[in-house]
Amino acid sequence: MNMQSYYEGNPYQDIGGADTIRNLVEAFYPKVIQDPDLSPIFPEDIDPVKEKQYLFLTQFFGGPPLYSEKHGHPMLRARHMPFPITPRRAKAWLRCMSEAMDEIGLEGPVREYMFQRLTMTAYHMVNRQDQETS
Ligand code: HEM
């Protein structure tokens with residue numbers, strides 16, 4: 001049995017819905033803006049990014065389609081294209097996410113499943129090679 005087939009529930013419901021997504025986002029962005037590889041590409045005012053990520057993760061993990069209702073089709077790869085996302089930055093993003101999950105006490109198969117999907121998505125966002133940026 002591999003990771004992908006191990007968990008088959010609705011992550012949004014199983015982790016506790018809106019409050020848990022909010023807690024995850026609140027734990028995640030302070031790590032992002034303290035990360036030396038990530039901070040240069042994020043805006044100074046992180047609140048709008050937090051809000052969009054809250055809307056996105058809600059729908060991504062099986063909650064109501066809040067992001068699409070407000071912003072249309074996610075087209076995440078296209079929306080990330082203006083920002084140089086290297087394999088190194090994808091790793092850093094995922095490290096911050098894993099630490100945020102630890103911090104809020106997200107555990108077990110649902111966490112493994114969520115992290116797996118975020119990992120696939122993060123590598124899908126890669127649009128530059130590491131040597132192309134500093
Ligand atoms: C791979 C590493 C990643 C990096 C370095 C990164 C970086 C960024 C940056 C710089 C922005 C724009 C901030 C601004 O508005 O100025 C952004 C927006 C966003 N990111 Fe990422 N991101 C990554 C992965 C992901 C992943 C895996 C997801 C989803 C699970 C995601 C979801 C979003 C969303 C929803 C937005 C807002 C899009 C919008 O409506 O404008 N990102 N990201």
# chains A, B, ... in the order shown; residues from 1 in each chain; ligands from 1

$ residues_near_ligand --ligand "ligand 1" --cutoff "7 Å" --atoms "only C-alpha atoms and all ligand atoms" --output "PyMOL selection string"
chain A and resi 38+41-43+49+52-53+56-57+71+74+76+79-80+83+85+89-90+93+118-119+121-123+125-126

$ write_last_selection --atoms "N, CA and C atoms" --output "compact mmCIF listing (two decimals), in the first residue's frame"
# COMPACT_ATOMS: atom_id res chain seq x y z
N LEU A 38 13.17 32.25 0.72
CA LEU A 38 11.80 32.59 0.33
C LEU A 38 11.46 34.06 0.53
N ILE A 41 11.14 36.92 -2.31
CA ILE A 41 10.14 36.93 -3.38
C ILE A 41 8.72 37.20 -2.87
N PHE A 42 8.55 37.33 -1.56
CA PHE A 42 7.22 37.63 -1.01
C PHE A 42 7.08 39.12 -0.73
N PRO A 43 5.85 39.65 -0.86
CA PRO A 43 5.65 41.08 -0.59
C PRO A 43 5.77 41.39 0.90
N VAL A 49 -1.62 37.59 0.96
CA VAL A 49 -1.15 36.26 0.54
C VAL A 49 -1.73 35.19 1.48
N LYS A 52 -5.39 34.61 0.56
CA LYS A 52 -5.57 33.80 -0.65
C LYS A 52 -5.21 32.34 -0.37
N GLN A 53 -4.17 32.12 0.41
CA GLN A 53 -3.76 30.75 0.71
C GLN A 53 -4.83 30.06 1.56
N PHE A 56 -7.49 29.13 -0.83
CA PHE A 56 -7.05 28.05 -1.72
C PHE A 56 -6.99 26.72 -0.99
N LEU A 57 -6.33 26.68 0.15
CA LEU A 57 -6.17 25.39 0.86
C LEU A 57 -7.51 24.83 1.29
N HIS A 71 -11.60 34.39 -6.84
CA HIS A 71 -10.49 34.72 -7.76
C HIS A 71 -10.53 33.98 -9.09
N PRO A 74 -7.85 28.64 -10.29
CA PRO A 74 -6.58 28.88 -9.60
C PRO A 74 -5.37 29.06 -10.53
N LEU A 76 -2.54 27.85 -10.76
CA LEU A 76 -1.47 28.20 -9.83
C LEU A 76 -0.11 28.34 -10.49
N ARG A 79 0.04 31.65 -12.16
CA ARG A 79 0.09 32.76 -11.20
C ARG A 79 1.45 32.86 -10.51
N HIS A 80 2.18 31.76 -10.49
CA HIS A 80 3.51 31.78 -9.87
C HIS A 80 4.62 32.17 -10.85
N PHE A 83 7.27 34.86 -10.37
CA PHE A 83 8.20 34.69 -9.25
C PHE A 83 9.16 33.55 -9.55
N ILE A 85 10.73 30.48 -9.03
CA ILE A 85 10.59 29.35 -8.11
C ILE A 85 11.52 28.23 -8.57
N ARG A 89 13.80 26.60 -3.68
CA ARG A 89 12.69 27.30 -3.03
C ARG A 89 11.51 26.36 -2.77
N ALA A 90 11.28 25.41 -3.68
CA ALA A 90 10.20 24.44 -3.44
C ALA A 90 10.51 23.65 -2.16
N TRP A 93 9.91 25.91 0.84
CA TRP A 93 8.46 26.07 1.05
C TRP A 93 7.91 24.86 1.79
N LEU A 118 0.76 18.52 -1.35
CA LEU A 118 1.46 19.80 -1.39
C LEU A 118 2.84 19.65 -2.04
N THR A 119 3.46 18.49 -1.81
CA THR A 119 4.78 18.24 -2.40
C THR A 119 4.67 18.20 -3.93
N THR A 121 2.38 19.55 -5.76
CA THR A 121 2.02 20.89 -6.23
C THR A 121 3.24 21.81 -6.20
N ALA A 122 4.01 21.73 -5.13
CA ALA A 122 5.19 22.61 -5.00
C ALA A 122 6.17 22.35 -6.16
N TYR A 123 6.42 21.09 -6.47
CA TYR A 123 7.38 20.83 -7.55
C TYR A 123 6.81 21.20 -8.92
N MET A 125 5.23 23.88 -9.36
CA MET A 125 5.41 25.35 -9.45
C MET A 125 6.81 25.75 -9.90
N VAL A 126 7.74 24.81 -9.88
CA VAL A 126 9.12 25.15 -10.22
C VAL A 126 9.17 25.66 -11.66

$ residues_around --residues "Ala100 of chain A" --least-positions-apart "5" --cutoff "12 Å" --atoms "only C-alpha atoms" --output "list in words"
Thr20, Ile21, Arg22, Asn23, Leu24, Val25, Glu26, Ala27, Phe28, Tyr29, Pro30, Lys31, Val32, Trp93, Leu94, Arg95, Gly105, Leu106, Glu107, Arg111 and Phe115 of chain A

$ select_by_dssp --residues "chain A" --states "alpha helix (DSSP H)" --output "PyMOL selection string"
chain A and resi 3-6+11-15+18-34+47-60+66-71+76-80+87-104+108-124

$ closest_residue --among "A:Asp102, A:Asp130, A:Asp14, A:Glu51" --to "Asp37 of chain A" --atoms "only C-alpha atoms"
A:Asp130

$ closest_residue --among "A:Cys96, A:Ser39, A:Pro11, A:Gln129" --to "Gly108 of chain A" --atoms "only C-alpha atoms"
A:Pro11

$ residues_around --residues "Glu8 of chain A" --least-positions-apart "6" --cutoff "10 Å" --atoms "only C-alpha atoms" --output "PyMOL selection string"
chain A and resi 109-110+113

$ atom_distance --atom1 "atom CA of Gly63 of chain A" --atom2 "atom CA of Gly17 of chain A"
7.3 Å

$ closest_residue --among "A:Glu112, A:Tyr12, A:Arg117, A:Tyr7" --to "Pro64 of chain A" --atoms "only C-alpha atoms"
A:Tyr12

$ atom_distance --atom1 "atom CA of Pro40 of chain A" --atom2 "atom CA of Met75 of chain A"
22.7 Å

$ closest_residue --among "A:Pro87, A:Gly62, A:Gly16, A:Gly72" --to "Asn127 of chain A" --atoms "only C-alpha atoms"
A:Pro87
